[in-house]
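Below is the file target34.cif, which contains mmCIF, C-alpha atoms.
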data_upload
#
loop_
_atom_site.label_atom_id
_atom_site.label_comp_id
_atom_site.auth_asym_id
_atom_site.auth_seq_id
_atom_site.Cartn_x
_atom_site.Cartn_y
_atom_site.Cartn_z
CA MET A 21 -12.85 19.27 3.47
CA THR A 22 -10.34 16.71 2.26
CA ASP A 23 -11.86 14.27 -0.22
CA ILE A 24 -9.88 11.27 -1.50
CA LYS A 25 -12.84 9.05 -2.39
CA GLY A 26 -11.99 6.77 -5.32
CA ARG A 27 -8.23 7.32 -4.98
CA ASP A 28 -5.65 4.53 -4.93
CA PHE A 29 -3.21 4.41 -2.00
CA LEU A 30 0.05 3.27 -3.59
CA LYS A 31 2.75 5.54 -2.15
CA LEU A 32 2.94 8.68 -0.02
CA LEU A 33 4.49 10.60 -2.92
CA ASP A 34 0.98 10.64 -4.46
CA PHE A 35 -0.51 12.54 -1.50
CA SER A 36 -0.17 16.06 -0.15
CA ALA A 37 0.82 16.81 3.44
CA SER A 38 -2.76 17.90 4.19
CA GLU A 39 -4.15 14.63 2.80
CA ILE A 40 -1.69 12.58 4.88
CA GLU A 41 -2.57 14.62 7.96
CA TYR A 42 -6.26 14.02 7.23
CA LEU A 43 -5.71 10.24 7.16
CA ILE A 44 -3.74 10.32 10.43
CA ASP A 45 -6.44 12.41 12.13
CA LEU A 46 -9.18 10.14 10.75
CA ALA A 47 -7.30 7.12 12.12
CA ALA A 48 -7.10 8.78 15.54
CA ASP A 49 -10.87 9.40 15.41
CA PHE A 50 -11.56 5.76 14.48
CA LYS A 51 -9.25 4.62 17.28
CA ALA A 52 -11.13 6.72 19.82
CA LYS A 53 -14.47 5.37 18.57
CA LYS A 54 -13.24 1.77 18.80
CA LYS A 55 -11.93 2.27 22.35
CA ALA A 56 -15.27 3.81 23.33
CA GLY A 57 -17.27 1.02 21.71
CA ILE A 58 -18.87 3.38 19.17
CA SER A 59 -19.90 1.58 15.97
CA HIS A 60 -18.58 2.96 12.70
CA ARG A 61 -19.86 0.49 10.09
CA MET A 62 -19.92 3.14 7.36
CA HIS A 63 -19.27 0.70 4.50
CA GLU A 64 -21.82 -1.96 5.39
CA GLY A 65 -22.05 -4.79 2.87
CA LYS A 66 -19.01 -3.86 0.80
CA ASN A 67 -16.37 -6.46 -0.09
CA ILE A 68 -12.59 -6.23 -0.41
CA ALA A 69 -9.95 -8.59 -1.81
CA LEU A 70 -6.61 -9.00 -0.04
CA ILE A 71 -3.83 -10.26 -2.32
CA PHE A 72 -0.82 -11.44 -0.31
CA GLU A 73 2.15 -12.63 -2.36
CA LYS A 74 4.15 -12.03 0.84
CA THR A 75 2.46 -13.17 4.05
CA SER A 76 2.21 -10.92 7.11
CA THR A 77 0.59 -11.22 10.53
CA ARG A 78 0.07 -7.48 11.14
CA THR A 79 -0.99 -6.44 7.64
CA ARG A 80 -3.52 -9.24 7.21
CA CYS A 81 -5.03 -8.80 10.66
CA ALA A 82 -5.09 -5.01 10.29
CA PHE A 83 -6.97 -5.15 6.98
CA GLU A 84 -9.38 -7.86 8.11
CA VAL A 85 -10.29 -6.29 11.47
CA ALA A 86 -10.53 -2.82 9.91
CA ALA A 87 -12.80 -4.19 7.18
CA HIS A 88 -15.07 -5.92 9.70
CA ASP A 89 -15.26 -2.77 11.86
CA LEU A 90 -16.37 -0.82 8.77
CA GLY A 91 -19.05 -3.43 8.01
CA MET A 92 -17.18 -5.03 5.10
CA ASN A 93 -16.33 -8.59 4.14
CA ALA A 94 -12.74 -9.54 3.24
CA THR A 95 -11.46 -12.33 0.99
CA TYR A 96 -7.86 -13.33 1.75
CA LEU A 97 -5.82 -14.64 -1.18
CA ASP A 98 -2.52 -16.12 0.01
CA PRO A 99 0.43 -16.92 -2.30
CA SER A 100 -1.22 -20.22 -3.30
CA GLY A 101 -4.69 -18.72 -3.65
CA SER A 102 -3.95 -16.14 -6.33
CA GLN A 103 -2.81 -16.69 -9.91
CA ILE A 104 -1.71 -13.06 -10.35
CA GLY A 105 1.15 -12.88 -12.83
CA LYS A 106 1.26 -16.69 -13.14
CA LYS A 107 -1.82 -18.10 -14.86
CA GLU A 108 -3.52 -14.71 -15.08
CA SER A 109 -1.97 -11.38 -15.99
CA ILE A 110 -1.93 -8.49 -13.54
CA ALA A 111 -4.22 -6.51 -15.85
CA ASP A 112 -6.74 -9.37 -16.12
CA THR A 113 -6.64 -9.95 -12.35
CA ALA A 114 -7.41 -6.28 -11.76
CA ARG A 115 -10.34 -6.29 -14.17
CA VAL A 116 -11.81 -9.51 -12.75
CA LEU A 117 -11.47 -8.58 -9.08
CA SER A 118 -12.66 -5.00 -9.54
CA SER A 119 -15.85 -6.34 -11.12
CA MET A 120 -16.57 -8.29 -7.90
CA TYR A 121 -15.02 -6.22 -5.12
CA ASP A 122 -15.18 -2.64 -3.88
CA GLY A 123 -11.45 -2.42 -3.06
CA ILE A 124 -8.25 -4.43 -3.59
CA GLU A 125 -5.17 -4.67 -1.36
CA TYR A 126 -1.84 -5.94 -2.69
CA ARG A 127 1.18 -6.99 -0.64
CA GLY A 128 4.12 -8.44 -2.52
CA PHE A 129 7.03 -7.59 -4.73
CA GLY A 130 7.72 -4.77 -7.21
CA GLN A 131 5.93 -1.43 -6.99
CA GLU A 132 5.17 -1.79 -10.70
CA ILE A 133 2.76 -4.66 -9.85
CA VAL A 134 0.53 -2.60 -7.55
CA GLU A 135 0.75 0.33 -9.98
CA GLU A 136 -0.44 -1.90 -12.84
CA LEU A 137 -3.22 -3.34 -10.69
CA ALA A 138 -4.40 0.20 -9.97
CA HIS A 139 -4.18 1.19 -13.64
CA TYR A 140 -6.60 -1.57 -14.72
CA SER A 141 -8.81 -1.64 -11.62
CA LYS A 142 -12.17 0.16 -11.47
CA VAL A 143 -11.99 0.31 -7.66
CA PRO A 144 -9.39 1.68 -5.19
CA VAL A 145 -6.17 -0.33 -4.82
CA TRP A 146 -4.13 -0.17 -1.61
CA ASN A 147 -0.44 -0.97 -1.19
CA GLY A 148 0.09 -3.33 1.76
CA LEU A 149 3.85 -3.45 1.00
CA THR A 150 6.08 -3.62 -2.04
CA ASN A 151 9.84 -3.82 -2.38
CA GLU A 152 10.00 -0.05 -2.78
CA PHE A 153 7.28 1.39 -0.52
CA HIS A 154 5.25 0.62 2.62
CA PRO A 155 2.86 3.58 2.96
CA THR A 156 0.36 2.10 5.42
CA GLN A 157 3.21 1.42 7.85
CA ILE A 158 4.31 5.07 7.74
CA LEU A 159 0.80 6.28 8.58
CA ALA A 160 0.85 3.98 11.62
CA ASP A 161 4.32 5.21 12.58
CA PHE A 162 3.31 8.86 12.32
CA LEU A 163 0.10 8.32 14.30
CA THR A 164 2.28 6.72 17.01
CA VAL A 165 4.77 9.61 16.95
CA LYS A 166 1.97 12.19 17.12
CA GLU A 167 0.32 10.38 20.04
CA HIS A 168 3.61 10.32 21.95
CA PHE A 169 5.07 13.74 21.17
CA GLY A 170 1.91 15.67 20.30
CA LYS A 171 3.29 16.72 16.92
CA LEU A 172 5.13 15.59 13.80
CA LYS A 173 6.80 18.73 12.48
CA GLY A 174 10.35 19.13 13.79
CA ILE A 175 10.62 15.62 15.24
CA LYS A 176 14.05 14.08 14.56
CA LEU A 177 13.73 10.50 13.29
CA VAL A 178 16.84 8.37 12.76
CA TYR A 179 16.54 5.19 10.70
CA MET A 180 19.31 2.72 11.59
CA GLY A 181 20.37 -0.03 9.21
CA ASP A 182 19.61 -0.86 5.59
CA ALA A 183 17.88 2.24 4.18
CA ARG A 184 17.78 1.08 0.54
CA PHE A 185 14.36 -0.53 0.52
CA ASN A 186 10.71 0.06 1.45
CA MET A 187 11.09 1.25 5.04
CA GLY A 188 14.03 3.59 4.49
CA ASP A 189 12.41 4.93 1.31
CA SER A 190 8.97 5.39 2.84
CA LEU A 191 10.14 6.98 6.09
CA MET A 192 12.25 9.44 4.08
CA VAL A 193 9.26 10.34 1.88
CA GLY A 194 6.94 10.65 4.87
CA CYS A 195 9.36 12.85 6.81
CA ALA A 196 9.93 15.07 3.77
CA LYS A 197 6.16 15.49 3.30
CA MET A 198 5.32 16.12 6.95
CA GLY A 199 8.27 18.24 8.06
CA LEU A 200 10.18 15.76 10.22
CA ASP A 201 13.99 15.73 10.27
CA PHE A 202 15.08 12.41 8.74
CA THR A 203 18.49 10.81 9.13
CA ALA A 204 19.53 7.53 7.50
CA CYS A 205 22.32 6.04 9.60
CA ALA A 206 24.01 3.27 7.65
CA PRO A 207 27.09 2.28 5.65
CA ARG A 208 27.45 4.59 2.65
CA ASN A 209 26.26 1.97 0.13
CA TYR A 210 23.10 1.30 2.21
CA PHE A 211 21.48 4.72 1.68
CA PRO A 212 18.27 5.23 -0.35
CA ASP A 213 18.29 5.62 -4.13
CA ARG A 214 19.84 8.90 -5.25
CA ALA A 215 16.92 9.81 -7.52
CA LEU A 216 14.44 9.35 -4.65
CA ILE A 217 16.66 11.41 -2.35
CA SER A 218 16.63 14.25 -4.91
CA GLU A 219 12.84 14.09 -5.17
CA CYS A 220 12.49 14.16 -1.39
CA GLU A 221 14.92 17.07 -1.05
CA LYS A 222 12.63 19.15 -3.28
CA ILE A 223 9.63 18.22 -1.12
CA ALA A 224 11.58 18.94 2.09
CA ALA A 225 12.45 22.44 0.84
CA GLY A 226 8.76 23.28 1.04
CA SER A 227 7.90 21.47 4.29
CA GLY A 228 10.86 22.53 6.42
CA ALA A 229 12.10 18.95 6.78
CA THR A 230 15.80 18.12 6.72
CA LEU A 231 17.32 14.98 5.19
CA SER A 232 20.68 13.67 6.41
CA PHE A 233 22.77 10.64 5.53
CA GLU A 234 25.30 9.63 8.14
CA THR A 235 27.71 6.75 8.66
CA ASP A 236 28.72 7.78 12.19
CA VAL A 237 26.26 6.43 14.78
CA ALA A 238 27.07 8.85 17.60
CA LYS A 239 26.73 11.85 15.31
CA ALA A 240 23.50 10.56 13.74
CA VAL A 241 21.57 9.76 16.91
CA LYS A 242 22.51 12.79 19.02
CA GLY A 243 19.32 14.62 19.96
CA ALA A 244 17.07 12.10 18.19
CA ASP A 245 13.43 11.82 19.19
CA VAL A 246 12.85 8.49 17.42
CA ILE A 247 15.32 5.68 16.78
CA TYR A 248 13.84 3.36 14.16
CA THR A 249 15.12 0.10 12.70
CA ASP A 250 13.95 -2.93 10.73
CA ILE A 251 15.14 -6.50 10.20
CA TRP A 252 18.36 -6.78 8.21
CA VAL A 253 17.14 -9.52 5.85
CA SER A 254 13.60 -9.34 4.50
CA MET A 255 11.18 -12.06 3.45
CA GLY A 256 12.07 -13.57 0.10
CA GLU A 257 15.75 -12.67 0.23
CA PRO A 258 18.24 -15.58 -0.03
CA GLU A 259 19.94 -16.91 3.08
CA LYS A 260 23.37 -16.07 1.66
CA VAL A 261 22.81 -12.34 2.26
CA TRP A 262 22.74 -12.81 6.04
CA GLU A 263 26.52 -12.94 6.34
CA GLU A 264 26.99 -9.78 4.26
CA ARG A 265 24.27 -7.84 6.12
CA ILE A 266 25.46 -8.87 9.58
CA ALA A 267 29.01 -7.84 8.75
CA ALA A 268 27.91 -4.47 7.35
CA LEU A 269 25.10 -3.59 9.76
CA SER A 270 26.26 -4.90 13.15
CA PRO A 271 27.72 -1.47 14.03
CA TYR A 272 24.22 -0.04 13.46
CA GLN A 273 22.39 -2.31 15.90
CA VAL A 274 20.07 -0.41 18.24
CA ASN A 275 21.27 -1.12 21.77
CA SER A 276 21.35 0.62 25.16
CA GLU A 277 24.44 2.62 24.15
CA VAL A 278 22.66 4.00 21.06
CA MET A 279 19.60 4.95 23.12
CA SER A 280 21.86 6.62 25.69
CA LEU A 281 23.60 8.63 22.97
CA ALA A 282 20.21 9.72 21.62
CA GLY A 283 19.12 11.14 24.96
CA ASP A 284 16.56 10.50 27.67
CA ASN A 285 13.52 11.49 25.61
CA ALA A 286 14.21 9.24 22.62
CA VAL A 287 11.83 6.38 21.87
CA PHE A 288 12.38 3.18 19.91
CA MET A 289 10.24 2.06 16.96
CA HIS A 290 10.26 -1.00 14.70
CA CYS A 291 7.78 -2.14 12.03
CA LEU A 292 8.10 -5.82 13.07
CA PRO A 293 8.82 -8.70 12.98
CA SER A 294 12.03 -8.35 14.96
CA TYR A 295 14.96 -10.60 15.76
CA HIS A 296 15.51 -9.09 19.22
CA ASP A 297 15.96 -12.50 20.83
CA MET A 298 16.25 -16.19 19.90
CA LYS A 299 12.57 -17.09 20.33
CA THR A 300 11.84 -17.46 16.61
CA ALA A 301 13.08 -20.27 14.38
CA ILE A 302 14.93 -17.92 12.01
CA GLY A 303 16.26 -15.73 14.80
CA LYS A 304 17.58 -18.74 16.71
CA GLU A 305 19.14 -20.30 13.61
CA MET A 306 20.91 -17.13 12.46
CA CYS A 307 22.01 -16.02 15.93
CA GLU A 308 23.54 -19.42 16.59
CA LYS A 309 25.14 -19.52 13.15
CA PHE A 310 26.77 -16.12 13.55
CA GLY A 311 27.40 -16.16 17.30
CA ARG A 312 24.89 -13.47 18.27
CA THR A 313 22.09 -13.08 20.83
CA ALA A 314 20.12 -10.51 18.78
CA MET A 315 20.22 -8.86 15.38
CA GLU A 316 18.96 -5.33 14.56
CA VAL A 317 17.94 -4.46 18.15
CA THR A 318 18.76 -5.90 21.55
CA ASP A 319 16.06 -7.43 23.70
CA GLU A 320 16.87 -4.86 26.40
CA VAL A 321 15.84 -1.97 24.14
CA PHE A 322 12.93 -3.81 22.49
CA GLU A 323 11.32 -4.63 25.86
CA SER A 324 12.15 -1.31 27.51
CA PRO A 325 9.59 1.39 28.51
CA ARG A 326 11.02 3.50 25.66
CA SER A 327 9.81 0.99 23.06
CA LEU A 328 6.61 1.92 21.20
CA VAL A 329 6.57 -1.12 18.93
CA PHE A 330 3.27 -2.62 20.09
CA LYS A 331 1.40 0.71 20.06
CA GLU A 332 2.80 1.11 16.56
CA ALA A 333 1.59 -2.38 15.58
CA GLU A 334 -1.93 -1.67 16.86
CA ASN A 335 -2.00 1.59 14.93
CA ARG A 336 -1.58 -0.34 11.67
CA MET A 337 -5.24 -1.32 12.00
CA HIS A 338 -6.51 2.18 12.76
CA THR A 339 -4.60 3.83 9.91
CA ILE A 340 -5.50 1.11 7.39
CA LYS A 341 -9.13 1.58 8.43
CA ALA A 342 -8.76 5.30 7.69
CA VAL A 343 -7.29 4.63 4.23
CA MET A 344 -10.08 2.22 3.29
CA ALA A 345 -12.88 4.35 4.72
CA ALA A 346 -11.65 7.53 3.03
CA THR A 347 -10.97 6.03 -0.41
CA LEU A 348 -14.21 4.03 -0.55
#

Please, can you express the file's structure as structure tokens?
Amino acid sequence: MTDIKGRDFLKLLDFSASEIEYLIDLAADFKAKKKAGISHRMHEGKNIALIFEKTSTRTRCAFEVAAHDLGMNATYLDPSGSQIGKKESIADTARVLSSMYDGIEYRGFGQEIVEELAHYSKVPVWNGLTNEFHPTQILADFLTVKEHFGKLKGIKLVYMGDARFNMGDSLMVGCAKMGLDFTACAPRNYFPDRALISECEKIAAGSGATLSFETDVAKAVKGADVIYTDIWVSMGEPEKVWEERIAALSPYQVNSEVMSLAGDNAVFMHCLPSYHDMKTAIGKEMCEKFGRTAMEVTDEVFESPRSLVFKEAENRMHTIKAVMAATL
């Protein structure tokens, strides 16, 4: 039996393929129980702290609902409600919170912050997102893929766009661990860090995964099972990078032509939020400024029957519940 009680959940590199599979299967079990109305309050009376230096609709709701379903209470600390790294050091924050809470979530900036929190904490620490990694998102993505295709191993996943940060990094790691074929489709200077690629290539050699890095869209997406993308400019990045990203990444937009090149069985995935239309303040402002109607994906693809984005978003809650339940 897989036992990860007391472990931190900071990045998928820290976990074996069997441990990741265990978490995905546990999430599927929790999902089935929730749909059937079967109570699973296995951590009744426990308390968790949610530190959000970067706000998020899905991550906050996923952690809070998952906590409540498990019988726990959650304290949400938004960017103004936490003094981490400002008036109180990361180490001191970890020691204070872990004396009051049974688990701590962190969503924010550098991976070194969540790693330091975990080092000084007496209770499990979970990574809700850092600049470098987004492990809870990958569990949700893989649960979604497994639900749709019935398997993970051998699935071809193509990540379109800027693959240098948390989503490109984490999908590459996850695919390497679980035996999926990963392709980053982007301009050459938008690929993941070379050192991380090397580490993942060693992992892939044992799992049967393949890792590819392609600038040609038609070549990259041919025969793909999953076409995945993310917003081109992330929270906290300056407005001036929009022009550079749009110029570089426009050829890598996911549109009906890309989905057609991929084939009839390909599905579309996105970790959200998405600028697929002009119904958000930022989306409207940037589309008007740069003469566009959509950014990383067209509304036609986003709203199509091939889009799994809202199943994927729901699965954030089920997989986060699995992480918390298993580590507590």

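Of the residues under consideration (A:Glu334, A:Asp28, A:Glu264, A:Glu305), A:Glu264 shows the shortest atom-to-atom contact distance to Trp252 of chain A when counting only C-alpha atoms.
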
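The residue that comes closest to Ala229 of chain A, out of A:Val116, A:Ala37, A:Met187, A:Leu30 and on the basis of only C-alpha atoms, is A:Ala37.
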
Item to check | Evaluate the PyMOL selection byres ((chain A and resi 134) around 12) and report residues as an MDAnalysis selection string | outcome: chainID A and resid 28:31 71:73 104:105 110:111 113:114 124:133 135:141 144:154

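Between His168 of chain A and the residues A:Phe202, A:Phe322, A:Phe233, A:Phe288, the shortest atom-to-atom distance, using all atoms listed in the file, involves A:Phe288.
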
First collect every listed atom of segment 124-136 of chain A; then fit an axis-aligned box around them, widen it by 6 Å on each side, and give centre and edge lengths in Å to one decimal, as JSON.
{"center_x": -0.3, "center_y": -4.1, "center_z": -6.7, "size_x": 28.0, "size_y": 20.8, "size_z": 24.2}

Item to check | Atomic separation - atom CA of Ile266 of chain A relative to atom CA of Gly311 of chain A, Å | outcome: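 Separation between atom CA of Gly311 of chain A and atom CA of Ile266 of chain A: 10.8 Å.
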
Item to check | Exercise: Ile340 of chain A partners within 10 Å, all atoms listed in the file, chain neighbours under 3 positions left out, as an MDAnalysis selection string | outcome: chainID A and resid 43:44 47 79 82:87 146 148 155:157 159:160 335:337 343:346

Next on the checklist: Can you spell out as a PyMOL selection string the set of residues that the PyMOL selection byres ((chain A and resi 96) around 6) selects in the structure I just provided?
Outcome noted: chain A and resi 70+95+97

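From atom CA of Arg184 of chain A back to atom CA of Thr300 of chain A, the distance works out to 25.2 Å.
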
Item to check | Output of the PyMOL selection byres ((chain A and resi 280) around 12), listed as a list of chain:residue names | outcome: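 After applying the PyMOL selection byres ((chain A and resi 280) around 12), what remains is A:Val237, A:Ala238, A:Val241, A:Lys242, A:Gly243, A:Ala244, A:Asp245, A:Ile247, A:Val274, A:Asn275, A:Ser276, A:Glu277, A:Val278, A:Met279, A:Leu281, A:Ala282, A:Gly283, A:Asp284, A:Asn285, A:Ala286, A:Val287, A:Phe288, A:Val321, A:Arg326.
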
Please write the residues from the selection above to a file, keeping C-alpha atoms, as a compact mmCIF listing (two decimals), keeping the file's coordinate frame.
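Written output follows (part-v3.txt):
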# COMPACT_ATOMS: atom_id res chain seq x y z
CA VAL A 237 26.26 6.43 14.78
CA ALA A 238 27.07 8.85 17.60
CA VAL A 241 21.57 9.76 16.91
CA LYS A 242 22.51 12.79 19.02
CA GLY A 243 19.32 14.62 19.96
CA ALA A 244 17.07 12.10 18.19
CA ASP A 245 13.43 11.82 19.19
CA ILE A 247 15.32 5.68 16.78
CA VAL A 274 20.07 -0.41 18.24
CA ASN A 275 21.27 -1.12 21.77
CA SER A 276 21.35 0.62 25.16
CA GLU A 277 24.44 2.62 24.15
CA VAL A 278 22.66 4.00 21.06
CA MET A 279 19.60 4.95 23.12
CA LEU A 281 23.60 8.63 22.97
CA ALA A 282 20.21 9.72 21.62
CA GLY A 283 19.12 11.14 24.96
CA ASP A 284 16.56 10.50 27.67
CA ASN A 285 13.52 11.49 25.61
CA ALA A 286 14.21 9.24 22.62
CA VAL A 287 11.83 6.38 21.87
CA PHE A 288 12.38 3.18 19.91
CA VAL A 321 15.84 -1.97 24.14
CA ARG A 326 11.02 3.50 25.66
